[in-house]
Amino acid sequence: MAVDETSRTFVHPLYGWLEKIPGLSVGLTTADAVLSWGLEHSLWVFPMATSCCGIEFMATMTSRFDMDQFGTFTRPTPRQCDVMVVAGTITVKMAPRVKRLWDMMPEPRWCVAMGSCAISGDFYRNLYAVVPGVDTFIPVDVYVPGCPPAPDHVHAGMHVLMEKIRQVRKGTFRPNADPAAREGLLRPSIPRIGDPDRDPALSRAQAEAAFRMDPGCQVTPRSEDERDVP
Amino acid sequence: MVDAHPSHEPVAPALVEVSGLSLPAAITHLPRPDPYLNVEDYEPEADAMALNMGPQHPSTHGVLRLKLFLDGEICFKAVPYVGYLHRGVEKLLENRTAIQSVPYVDKNDYVSPLTGELALVMAYEALLDVEPPPRAQVLRTILMELQRIASHHLWLGTFCLDMGGALGGGSSVFLYNFRERELILDLLEALTGQRMHYNALMVGGNRHDVPPGWEEKVLATMDRVEDRLAEYEAMTVDNHIFRSRTVGVGVLDPLLALEAGAGGANLRASGVDHDLRRDAPYAAYGQVDVRIPVETAGDCYARFLVRIAEMREAIRIVRLLVSGIPEGPIGALKPPRHVNAVKLPPGEVYVGIESPRGELGTYLISDGSPIPVRVKIRPPSLHAVSLLPYLCVGATVSDIVVILGSLDPILGEVDR
Ligand code: SF4
């Protein structure tokens, strides 16, 4: 059955049965608790590592910092992953590919912006070639500030993400409900688009440029079939 | 055990004179593939296919895109595409003063940030005619060699990781190498407070003086790293599969390497004895006798051997220098009171240093204002990437991963 998930009035076929069968709701909430627990503790990470932060992310996965202990595990293909960690500068040329890889990831999916480049473009953000933050084109769940963030900070970010997943599954998630607790992790450390010394026209131009370019970086559109084939 | 490539044995190889250089005869004047081959004209024996590797590929070390044209599994044309990490560093530096630009060059070659800093800082020093005090020079040399060890550790780890399951699950060597890299990062962190982008140098000297007890820590770490190097050799040199995947793969003609401007271990593995640390000493390299490892086989295995020998040599240099760091100030200039306070004299300079990947150069033109008119960075990795169209032809896809790993390009530096 094809389900249009964008529809706000989406009704799952199981909903009708919930009322008819007594006890089904208890079973389902238990199953849901188990699923949430599993989701939270087996985050498979797709490292969208483009530059320096990618090296630090590699270090996070190795034995000293050992991110595997939280059940996270890197896979080099987006199709098997739950979390995309954007580690590194995203340029205008790279942005369409990041978007395409993000689109390949199955739901439910999460995104962690690691490092100031992924958050806001770092000190390259006024440049013609750099996208000012990855959240201009994909939704970001957790921001981990730093240039590069130390591996412990990445750990903290992953814990915030786990907490968020738990709350989202329970339906209790309120963005920025407790700003004092996670100041700086849930919000970008540098005000990005609303930055007073930033030209708003520039932000718009960069975001638009990132969208206009197709994955072959050709200005003239080509048909889907002949893309990347001689 | 696989029989070693003939030139890995300790017999002197036959040499041939080419324009004043003695090059190993066995690999000089190799036939060269045509990198501009028209794909339509090629008659494939098996199925012809175009394969796009990257820009997001676990073994491209960043965001390199390689378009491979395959005949069955053999590549007959390879086209590298770069620019996925173009951050306009040269343009940004043309709008920054010296003190503002050091953090930018850190991020070029993010595997060895300190060498990038030194190349830029030395260019400004040459322009301003400033000589850093001896303590700063010796400290810089120690930092460069520590950085070289850390960089080669990361290279060895990812190189073996790319080779896949052959080496005890693939990631054993990777995990072991990161263990030692962390020890060196600890030393640098103790000195500068940062794990990666140190911002440790400034025009006229260093920014940070050594903390108490640092020298002893360095010596202890060097002992440990040297011990562990023997472990890696046991895991790689004595490994049948490692040797069969690297020996005789990706043989680089020294003439091609020279024409392409390749440097570092890529050049020295092909029998060209060239190293700026010895040939044009900078910092305190004049005070130590730098021994340059040279191999003559030109293949991936020779490049591996050169890098391992370079790590040993770096450990030796650090040990020599760290016990006799001269006393004195670490900076020749007073910190400027304002970023625009230092005016650059008009003129132009080029300074090249030996980064772990080859000759890293900075070219500055100044017209007398505090900011330079033009900054050009010569990245060694770009020249390594330019070898790929030649080396990949005739190799299988799995060998291309090894060849790419053995050239050790860092894409941040290629695209700048
Ligand atoms: S935030 Fe800093 S370390 Fe991370 S990719 Fe950007 S420049 Fe590199």
# chains A, B, ... in the order shown; residues from 1 in each chain; ligands from 1
>>> residues_near_ligand(ligand="ligand 1", cutoff="10 Å", atoms="only C-alpha atoms and all ligand atoms", output="PDB file with N, CA, C and O atoms, in the first residue's frame")
ATOM      1  N   ALA A  49      31.986  12.905   6.081  1.00  0.00           N
ATOM      2  CA  ALA A  49      33.230  13.554   6.479  1.00  0.00           C
ATOM      3  C   ALA A  49      33.863  14.185   5.266  1.00  0.00           C
ATOM      4  O   ALA A  49      34.277  13.488   4.354  1.00  0.00           O
ATOM      5  N   THR A  50      33.912  15.508   5.223  1.00  0.00           N
ATOM      6  CA  THR A  50      34.541  16.138   4.076  1.00  0.00           C
ATOM      7  C   THR A  50      35.921  16.679   4.405  1.00  0.00           C
ATOM      8  O   THR A  50      36.763  16.708   3.542  1.00  0.00           O
ATOM      9  N   SER A  51      36.148  17.122   5.619  1.00  0.00           N
ATOM     10  CA  SER A  51      37.478  17.705   5.840  1.00  0.00           C
ATOM     11  C   SER A  51      37.945  17.461   7.267  1.00  0.00           C
ATOM     12  O   SER A  51      37.749  16.373   7.795  1.00  0.00           O
ATOM     13  N   CYS A  52      38.555  18.481   7.863  1.00  0.00           N
ATOM     14  CA  CYS A  52      39.275  18.309   9.127  1.00  0.00           C
ATOM     15  C   CYS A  52      38.423  17.647  10.199  1.00  0.00           C
ATOM     16  O   CYS A  52      38.896  16.777  10.923  1.00  0.00           O
ATOM     17  N   CYS A  53      37.158  18.056  10.330  1.00  0.00           N
ATOM     18  CA  CYS A  53      36.320  17.463  11.358  1.00  0.00           C
ATOM     19  C   CYS A  53      36.178  15.969  11.135  1.00  0.00           C
ATOM     20  O   CYS A  53      35.989  15.220  12.093  1.00  0.00           O
ATOM     21  N   GLY A  54      36.274  15.533   9.884  1.00  0.00           N
ATOM     22  CA  GLY A  54      36.189  14.113   9.594  1.00  0.00           C
ATOM     23  C   GLY A  54      37.315  13.340  10.253  1.00  0.00           C
ATOM     24  O   GLY A  54      37.135  12.217  10.725  1.00  0.00           O
ATOM     25  N   ILE A  55      38.510  13.954  10.295  1.00  0.00           N
ATOM     26  CA  ILE A  55      39.652  13.296  10.933  1.00  0.00           C
ATOM     27  C   ILE A  55      39.380  13.150  12.425  1.00  0.00           C
ATOM     28  O   ILE A  55      39.643  12.108  13.035  1.00  0.00           O
ATOM     29  N   GLU A  56      38.810  14.206  13.006  1.00  0.00           N
ATOM     30  CA  GLU A  56      38.516  14.147  14.433  1.00  0.00           C
ATOM     31  C   GLU A  56      37.381  13.165  14.697  1.00  0.00           C
ATOM     32  O   GLU A  56      37.357  12.500  15.728  1.00  0.00           O
ATOM     33  N   PHE A  57      36.475  13.047  13.745  1.00  0.00           N
ATOM     34  CA  PHE A  57      35.411  12.062  13.907  1.00  0.00           C
ATOM     35  C   PHE A  57      35.980  10.644  13.862  1.00  0.00           C
ATOM     36  O   PHE A  57      35.564   9.774  14.629  1.00  0.00           O
ATOM     37  N   VAL A  86      27.458  15.319   9.811  1.00  0.00           N
ATOM     38  CA  VAL A  86      28.096  16.174   8.818  1.00  0.00           C
ATOM     39  C   VAL A  86      29.326  16.771   9.468  1.00  0.00           C
ATOM     40  O   VAL A  86      29.233  17.639  10.328  1.00  0.00           O
ATOM     41  N   ALA A  87      30.492  16.247   9.087  1.00  0.00           N
ATOM     42  CA  ALA A  87      31.743  16.662   9.709  1.00  0.00           C
ATOM     43  C   ALA A  87      32.597  17.312   8.646  1.00  0.00           C
ATOM     44  O   ALA A  87      33.227  16.634   7.856  1.00  0.00           O
ATOM     45  N   GLY A  88      32.586  18.615   8.612  1.00  0.00           N
ATOM     46  CA  GLY A  88      33.454  19.291   7.665  1.00  0.00           C
ATOM     47  C   GLY A  88      32.735  20.379   6.906  1.00  0.00           C
ATOM     48  O   GLY A  88      31.521  20.542   6.984  1.00  0.00           O
ATOM     49  N   THR A  89      33.548  21.125   6.137  1.00  0.00           N
ATOM     50  CA  THR A  89      33.011  22.239   5.359  1.00  0.00           C
ATOM     51  C   THR A  89      32.167  21.701   4.217  1.00  0.00           C
ATOM     52  O   THR A  89      32.580  20.787   3.517  1.00  0.00           O
ATOM     53  N   ILE A  90      30.989  22.265   4.025  1.00  0.00           N
ATOM     54  CA  ILE A  90      30.162  21.886   2.888  1.00  0.00           C
ATOM     55  C   ILE A  90      30.248  23.014   1.871  1.00  0.00           C
ATOM     56  O   ILE A  90      29.855  24.143   2.150  1.00  0.00           O
ATOM     57  N   ALA A 113      25.224  18.134  13.149  1.00  0.00           N
ATOM     58  CA  ALA A 113      26.178  19.044  12.510  1.00  0.00           C
ATOM     59  C   ALA A 113      27.377  19.167  13.425  1.00  0.00           C
ATOM     60  O   ALA A 113      27.276  19.686  14.526  1.00  0.00           O
ATOM     61  N   MET A 114      28.509  18.624  12.965  1.00  0.00           N
ATOM     62  CA  MET A 114      29.702  18.614  13.810  1.00  0.00           C
ATOM     63  C   MET A 114      30.662  19.692  13.319  1.00  0.00           C
ATOM     64  O   MET A 114      31.061  19.694  12.168  1.00  0.00           O
ATOM     65  N   GLY A 115      31.027  20.597  14.197  1.00  0.00           N
ATOM     66  CA  GLY A 115      32.004  21.618  13.852  1.00  0.00           C
ATOM     67  C   GLY A 115      31.365  22.887  13.328  1.00  0.00           C
ATOM     68  O   GLY A 115      30.266  22.880  12.778  1.00  0.00           O
ATOM     69  N   SER A 116      32.095  23.989  13.490  1.00  0.00           N
ATOM     70  CA  SER A 116      31.517  25.282  13.088  1.00  0.00           C
ATOM     71  C   SER A 116      31.244  25.350  11.600  1.00  0.00           C
ATOM     72  O   SER A 116      30.360  26.087  11.184  1.00  0.00           O
ATOM     73  N   CYS A 117      31.998  24.605  10.791  1.00  0.00           N
ATOM     74  CA  CYS A 117      31.748  24.656   9.347  1.00  0.00           C
ATOM     75  C   CYS A 117      30.368  24.121   9.026  1.00  0.00           C
ATOM     76  O   CYS A 117      29.632  24.718   8.249  1.00  0.00           O
ATOM     77  N   ALA A 118      30.007  22.981   9.615  1.00  0.00           N
ATOM     78  CA  ALA A 118      28.699  22.409   9.323  1.00  0.00           C
ATOM     79  C   ALA A 118      27.604  23.239   9.969  1.00  0.00           C
ATOM     80  O   ALA A 118      26.472  23.266   9.494  1.00  0.00           O
ATOM     81  N   ILE A 119      27.923  23.922  11.071  1.00  0.00           N
ATOM     82  CA  ILE A 119      26.909  24.709  11.749  1.00  0.00           C
ATOM     83  C   ILE A 119      26.640  26.005  10.999  1.00  0.00           C
ATOM     84  O   ILE A 119      25.500  26.344  10.709  1.00  0.00           O
ATOM     85  N   SER A 120      27.733  26.723  10.681  1.00  0.00           N
ATOM     86  CA  SER A 120      27.512  28.063  10.143  1.00  0.00           C
ATOM     87  C   SER A 120      28.466  28.422   9.013  1.00  0.00           C
ATOM     88  O   SER A 120      28.420  29.509   8.494  1.00  0.00           O
ATOM     89  N   GLY A 121      29.341  27.523   8.610  1.00  0.00           N
ATOM     90  CA  GLY A 121      30.319  27.884   7.598  1.00  0.00           C
ATOM     91  C   GLY A 121      31.626  28.388   8.189  1.00  0.00           C
ATOM     92  O   GLY A 121      32.531  28.733   7.446  1.00  0.00           O
ATOM     93  N   ASP A 122      31.726  28.425   9.527  1.00  0.00           N
ATOM     94  CA  ASP A 122      32.962  28.835  10.189  1.00  0.00           C
ATOM     95  C   ASP A 122      33.451  30.168   9.634  1.00  0.00           C
ATOM     96  O   ASP A 122      32.638  30.998   9.229  1.00  0.00           O
ATOM     97  N   PHE A 123      34.760  30.371   9.601  1.00  0.00           N
ATOM     98  CA  PHE A 123      35.216  31.673   9.094  1.00  0.00           C
ATOM     99  C   PHE A 123      35.296  31.710   7.569  1.00  0.00           C
ATOM    100  O   PHE A 123      35.830  32.618   6.996  1.00  0.00           O
ATOM    101  N   TYR A 124      34.723  30.723   6.928  1.00  0.00           N
ATOM    102  CA  TYR A 124      34.605  30.775   5.472  1.00  0.00           C
ATOM    103  C   TYR A 124      33.212  31.245   5.065  1.00  0.00           C
ATOM    104  O   TYR A 124      32.880  31.232   3.897  1.00  0.00           O
ATOM    105  N   VAL A 144      27.084  20.379  17.300  1.00  0.00           N
ATOM    106  CA  VAL A 144      28.229  20.182  18.183  1.00  0.00           C
ATOM    107  C   VAL A 144      29.275  21.231  17.819  1.00  0.00           C
ATOM    108  O   VAL A 144      29.968  21.093  16.820  1.00  0.00           O
ATOM    109  N   PRO A 145      29.399  22.296  18.599  1.00  0.00           N
ATOM    110  CA  PRO A 145      30.297  23.372  18.202  1.00  0.00           C
ATOM    111  C   PRO A 145      31.763  23.047  18.474  1.00  0.00           C
ATOM    112  O   PRO A 145      32.080  22.221  19.323  1.00  0.00           O
ATOM    113  N   GLY A 146      32.631  23.722  17.735  1.00  0.00           N
ATOM    114  CA  GLY A 146      34.075  23.538  17.914  1.00  0.00           C
ATOM    115  C   GLY A 146      34.748  23.543  16.572  1.00  0.00           C
ATOM    116  O   GLY A 146      34.105  23.347  15.557  1.00  0.00           O
ATOM    117  N   CYS A 147      36.057  23.762  16.578  1.00  0.00           N
ATOM    118  CA  CYS A 147      36.772  23.768  15.296  1.00  0.00           C
ATOM    119  C   CYS A 147      38.105  23.078  15.479  1.00  0.00           C
ATOM    120  O   CYS A 147      39.099  23.739  15.641  1.00  0.00           O
ATOM    121  N   PRO A 148      38.203  21.786  15.436  1.00  0.00           N
ATOM    122  CA  PRO A 148      37.119  20.809  15.457  1.00  0.00           C
ATOM    123  C   PRO A 148      36.663  20.554  16.882  1.00  0.00           C
ATOM    124  O   PRO A 148      37.422  20.782  17.816  1.00  0.00           O
ATOM    125  N   PRO A 149      35.445  20.055  17.089  1.00  0.00           N
ATOM    126  CA  PRO A 149      35.023  19.676  18.433  1.00  0.00           C
ATOM    127  C   PRO A 149      35.893  18.519  18.918  1.00  0.00           C
ATOM    128  O   PRO A 149      36.223  17.633  18.128  1.00  0.00           O
ATOM    129  N   ALA A 150      36.241  18.531  20.184  1.00  0.00           N
ATOM    130  CA  ALA A 150      37.018  17.420  20.717  1.00  0.00           C
ATOM    131  C   ALA A 150      36.121  16.179  20.750  1.00  0.00           C
ATOM    132  O   ALA A 150      34.899  16.312  20.811  1.00  0.00           O
TER     133      ALA A 150
ATOM    134  N   LEU B  85      36.093  20.651  -2.084  1.00  0.00           N
ATOM    135  CA  LEU B  85      36.399  21.238  -0.782  1.00  0.00           C
ATOM    136  C   LEU B  85      37.075  22.584  -0.989  1.00  0.00           C
ATOM    137  O   LEU B  85      37.935  22.980  -0.235  1.00  0.00           O
ATOM    138  N   ARG B  87      37.748  26.091  -0.492  1.00  0.00           N
ATOM    139  CA  ARG B  87      37.341  27.042   0.534  1.00  0.00           C
ATOM    140  C   ARG B  87      37.959  28.411   0.299  1.00  0.00           C
ATOM    141  O   ARG B  87      37.989  29.240   1.201  1.00  0.00           O
ATOM    142  N   PRO B 103      45.429  30.773  11.210  1.00  0.00           N
ATOM    143  CA  PRO B 103      44.402  29.742  11.386  1.00  0.00           C
ATOM    144  C   PRO B 103      43.833  29.201  10.079  1.00  0.00           C
ATOM    145  O   PRO B 103      43.388  28.071  10.039  1.00  0.00           O
ATOM    146  N   TYR B 104      43.874  29.991   9.009  1.00  0.00           N
ATOM    147  CA  TYR B 104      43.327  29.501   7.741  1.00  0.00           C
ATOM    148  C   TYR B 104      44.202  28.411   7.142  1.00  0.00           C
ATOM    149  O   TYR B 104      43.697  27.427   6.622  1.00  0.00           O
ATOM    150  N   VAL B 105      45.533  28.611   7.203  1.00  0.00           N
ATOM    151  CA  VAL B 105      46.398  27.611   6.571  1.00  0.00           C
ATOM    152  C   VAL B 105      46.437  26.320   7.384  1.00  0.00           C
ATOM    153  O   VAL B 105      46.746  25.271   6.851  1.00  0.00           O
ATOM    154  N   ASP B 106      46.115  26.404   8.680  1.00  0.00           N
ATOM    155  CA  ASP B 106      45.946  25.185   9.470  1.00  0.00           C
ATOM    156  C   ASP B 106      45.012  24.208   8.790  1.00  0.00           C
ATOM    157  O   ASP B 106      45.227  23.004   8.808  1.00  0.00           O
ATOM    158  N   LYS B 107      43.935  24.751   8.231  1.00  0.00           N
ATOM    159  CA  LYS B 107      42.859  23.901   7.739  1.00  0.00           C
ATOM    160  C   LYS B 107      43.105  23.410   6.332  1.00  0.00           C
ATOM    161  O   LYS B 107      42.273  22.687   5.791  1.00  0.00           O
ATOM    162  N   ASN B 108      44.216  23.821   5.713  1.00  0.00           N
ATOM    163  CA  ASN B 108      44.499  23.325   4.363  1.00  0.00           C
ATOM    164  C   ASN B 108      44.860  21.865   4.407  1.00  0.00           C
ATOM    165  O   ASN B 108      44.153  21.016   3.905  1.00  0.00           O
ATOM    166  N   ASP B 109      46.030  21.587   4.987  1.00  0.00           N
ATOM    167  CA  ASP B 109      46.439  20.206   5.146  1.00  0.00           C
ATOM    168  C   ASP B 109      46.091  19.839   6.580  1.00  0.00           C
ATOM    169  O   ASP B 109      46.883  20.010   7.482  1.00  0.00           O
ATOM    170  N   TYR B 110      44.869  19.340   6.766  1.00  0.00           N
ATOM    171  CA  TYR B 110      44.408  19.166   8.143  1.00  0.00           C
ATOM    172  C   TYR B 110      45.023  17.966   8.825  1.00  0.00           C
ATOM    173  O   TYR B 110      44.789  17.744   9.992  1.00  0.00           O
ATOM    174  N   MET B 196      43.969  19.702  17.283  1.00  0.00           N
ATOM    175  CA  MET B 196      44.209  19.628  15.839  1.00  0.00           C
ATOM    176  C   MET B 196      44.696  20.916  15.201  1.00  0.00           C
ATOM    177  O   MET B 196      45.724  20.926  14.577  1.00  0.00           O
ATOM    178  N   HIS B 197      43.927  21.983  15.303  1.00  0.00           N
ATOM    179  CA  HIS B 197      44.343  23.209  14.624  1.00  0.00           C
ATOM    180  C   HIS B 197      45.024  24.100  15.650  1.00  0.00           C
ATOM    181  O   HIS B 197      44.365  24.780  16.416  1.00  0.00           O
ATOM    182  N   GLY B 412      41.882  18.662   1.332  1.00  0.00           N
ATOM    183  CA  GLY B 412      41.776  20.040   1.784  1.00  0.00           C
ATOM    184  C   GLY B 412      42.880  20.882   1.191  1.00  0.00           C
ATOM    185  O   GLY B 412      42.712  22.064   0.891  1.00  0.00           O
TER     186      GLY B 412
END
>>> interface_residues(of="chain B", to="chain A", cutoff="10 Å", atoms="only C-alpha atoms", output="MDAnalysis selection string")
chainID B and resid 39:40 49:52 55:59 61:64 67 69 83:89 91:92 103:104 106:111 113 154 158 171 174:179 181:182 194:197 410:413
>>> closest_residue(among="B:Val393, B:Ala119, B:Val272, B:Val351", to="Gly20 of chain B", atoms="only C-alpha atoms")
B:Val272
>>> residues_around(residues="segment 242-251 of chain B", least_positions_apart="2", cutoff="10 Å", atoms="only C-alpha atoms", output="MDAnalysis selection string")
chainID B and resid 1:6 8 27 30 160 163 166:167 235:240 253:254 269:270 297:304 388 390:396 398:400 402:404 406:407
>>> select_by_dssp(residues="segment 247-404 of chain B", states="alpha helix (DSSP H)", output="ChimeraX atom specification")
/B:254-260,264-268,276-279,300-322,380-385,388-391,397-404
>>> residues_around(residues="Cys81 of chain A", least_positions_apart="6", cutoff="8 Å", atoms="only C-alpha atoms", output="PyMOL selection string")
chain A and resi 43-46+75+105-106+109
>>> closest_residue(among="B:Gly264, B:Gly213, B:Pro370, B:Pro13", to="Ser323 of chain B", atoms="only C-alpha atoms")
B:Gly213
>>> residues_around(residues="segment 353-366 of chain B", least_positions_apart="4", cutoff="8 Å", atoms="only C-alpha atoms", output="number ranges by chain")
B: 112, 115-116, 118-120, 123-124, 148, 151-152, 262-265, 275-277, 282, 344-349, 371-381, 408-409
>>> residues_around(residues="Ala48 of chain B", least_positions_apart="3", cutoff="12 Å", atoms="only C-alpha atoms", output="ChimeraX atom specification")
/A:229-230 /B:39-45,51,68-77
>>> write_last_selection(atoms="C-alpha atoms", output="PDB file, in the first residue's frame")
ATOM      1  CA  VAL A 229      27.989   7.930 -18.121  1.00  0.00           C
ATOM      2  CA  PRO A 230      30.448   8.826 -20.892  1.00  0.00           C
TER       3      PRO A 230
ATOM      4  CA  VAL B  39      36.992   6.783 -24.818  1.00  0.00           C
ATOM      5  CA  GLU B  40      35.166   6.244 -28.116  1.00  0.00           C
ATOM      6  CA  ASP B  41      38.375   5.136 -29.829  1.00  0.00           C
ATOM      7  CA  TYR B  42      39.170   2.471 -27.271  1.00  0.00           C
ATOM      8  CA  GLU B  43      38.449  -1.134 -28.273  1.00  0.00           C
ATOM      9  CA  PRO B  44      37.531  -2.967 -25.073  1.00  0.00           C
ATOM     10  CA  GLU B  45      38.241  -6.666 -24.682  1.00  0.00           C
ATOM     11  CA  LEU B  51      32.562   3.928 -12.780  1.00  0.00           C
ATOM     12  CA  LEU B  68      37.185   5.406 -14.019  1.00  0.00           C
ATOM     13  CA  PHE B  69      36.663   3.895 -17.441  1.00  0.00           C
ATOM     14  CA  LEU B  70      36.933   0.166 -17.107  1.00  0.00           C
ATOM     15  CA  ASP B  71      37.528  -2.631 -19.551  1.00  0.00           C
ATOM     16  CA  GLY B  72      36.190  -5.542 -17.524  1.00  0.00           C
ATOM     17  CA  GLU B  73      37.979  -4.821 -14.284  1.00  0.00           C
ATOM     18  CA  ILE B  74      41.012  -3.120 -15.748  1.00  0.00           C
ATOM     19  CA  CYS B  75      41.010   0.653 -15.860  1.00  0.00           C
ATOM     20  CA  PHE B  76      41.970   2.206 -19.190  1.00  0.00           C
ATOM     21  CA  LYS B  77      41.351   5.835 -18.353  1.00  0.00           C
TER      22      LYS B  77
END
>>> select_by_dssp(residues="segment 88-337 of chain B", states="strand (DSSP E)", output="list in words")
Leu201, Met202, Gly205 and Asn206 of chain B
>>> write_last_selection(atoms="all heavy atoms", output="PDB file, in the first residue's frame")
ATOM      1  N   LEU B 201      52.237  28.952  15.600  1.00  0.00           N
ATOM      2  CA  LEU B 201      53.355  29.769  15.141  1.00  0.00           C
ATOM      3  C   LEU B 201      52.866  31.167  14.821  1.00  0.00           C
ATOM      4  O   LEU B 201      51.699  31.363  14.477  1.00  0.00           O
ATOM      5  CB  LEU B 201      53.975  29.161  13.878  1.00  0.00           C
ATOM      6  CG  LEU B 201      54.333  27.689  13.944  1.00  0.00           C
ATOM      7  CD1 LEU B 201      54.992  27.272  12.654  1.00  0.00           C
ATOM      8  CD2 LEU B 201      55.247  27.404  15.105  1.00  0.00           C
ATOM      9  N   MET B 202      53.756  32.124  14.976  1.00  0.00           N
ATOM     10  CA  MET B 202      53.439  33.456  14.474  1.00  0.00           C
ATOM     11  C   MET B 202      54.697  34.073  13.911  1.00  0.00           C
ATOM     12  O   MET B 202      55.788  33.530  14.108  1.00  0.00           O
ATOM     13  CB  MET B 202      52.812  34.318  15.550  1.00  0.00           C
ATOM     14  CG  MET B 202      53.572  34.435  16.808  1.00  0.00           C
ATOM     15  SD  MET B 202      52.533  35.340  17.944  1.00  0.00           S
ATOM     16  CE  MET B 202      53.704  35.731  19.191  1.00  0.00           C
ATOM     17  N   GLY B 205      58.357  33.899  15.531  1.00  0.00           N
ATOM     18  CA  GLY B 205      58.574  32.942  16.610  1.00  0.00           C
ATOM     19  C   GLY B 205      57.380  32.049  16.844  1.00  0.00           C
ATOM     20  O   GLY B 205      56.542  31.870  15.982  1.00  0.00           O
ATOM     21  N   ASN B 206      57.343  31.510  18.061  1.00  0.00           N
ATOM     22  CA  ASN B 206      56.255  30.609  18.431  1.00  0.00           C
ATOM     23  C   ASN B 206      55.308  31.327  19.367  1.00  0.00           C
ATOM     24  O   ASN B 206      55.655  32.330  19.983  1.00  0.00           O
ATOM     25  CB  ASN B 206      56.808  29.383  19.162  1.00  0.00           C
ATOM     26  CG  ASN B 206      57.472  28.433  18.215  1.00  0.00           C
ATOM     27  OD1 ASN B 206      57.846  28.828  17.121  1.00  0.00           O
ATOM     28  ND2 ASN B 206      57.612  27.206  18.618  1.00  0.00           N
TER      29      ASN B 206
END
>>> decode(residues="segment 296-307 of chain B", atoms="N, CA, C and O atoms", output="short mmCIF file (atom, residue, chain, number, x, y, z; two decimals), in the first residue's frame")
data_model
loop_
_atom_site.label_atom_id
_atom_site.label_comp_id
_atom_site.auth_asym_id
_atom_site.auth_seq_id
_atom_site.Cartn_x
_atom_site.Cartn_y
_atom_site.Cartn_z
N THR B 296 64.11 2.40 -4.46
CA THR B 296 64.26 2.47 -5.91
C THR B 296 63.21 1.69 -6.67
O THR B 296 63.25 1.65 -7.89
N ALA B 297 62.25 1.08 -5.99
CA ALA B 297 61.29 0.26 -6.73
C ALA B 297 60.12 1.08 -7.26
O ALA B 297 59.51 0.71 -8.25
N GLY B 298 59.80 2.19 -6.62
CA GLY B 298 58.76 3.08 -7.14
C GLY B 298 57.34 2.57 -6.98
O GLY B 298 56.41 3.20 -7.47
N ASP B 299 57.12 1.46 -6.31
CA ASP B 299 55.76 0.94 -6.18
C ASP B 299 55.16 1.32 -4.83
O ASP B 299 55.79 2.03 -4.04
N CYS B 300 53.94 0.86 -4.58
CA CYS B 300 53.27 1.22 -3.33
C CYS B 300 54.06 0.73 -2.13
O CYS B 300 54.11 1.39 -1.09
N TYR B 301 54.69 -0.42 -2.27
CA TYR B 301 55.45 -0.96 -1.16
C TYR B 301 56.66 -0.09 -0.84
O TYR B 301 56.99 0.15 0.32
N ALA B 302 57.31 0.43 -1.89
CA ALA B 302 58.46 1.31 -1.66
C ALA B 302 58.02 2.59 -0.97
O ALA B 302 58.71 3.09 -0.07
N ARG B 303 56.87 3.12 -1.36
CA ARG B 303 56.38 4.34 -0.71
C ARG B 303 56.09 4.07 0.76
O ARG B 303 56.35 4.90 1.63
N PHE B 304 55.55 2.89 1.02
CA PHE B 304 55.31 2.50 2.41
C PHE B 304 56.62 2.42 3.18
O PHE B 304 56.74 2.96 4.29
N LEU B 305 57.65 1.79 2.57
CA LEU B 305 58.92 1.65 3.27
C LEU B 305 59.54 3.01 3.56
O LEU B 305 60.08 3.25 4.65
N VAL B 306 59.43 3.93 2.58
CA VAL B 306 60.02 5.26 2.78
C VAL B 306 59.33 5.95 3.94
O VAL B 306 59.98 6.56 4.80
N ARG B 307 58.00 5.84 4.03
CA ARG B 307 57.29 6.55 5.10
C ARG B 307 57.64 5.96 6.46
O ARG B 307 57.81 6.69 7.43
#
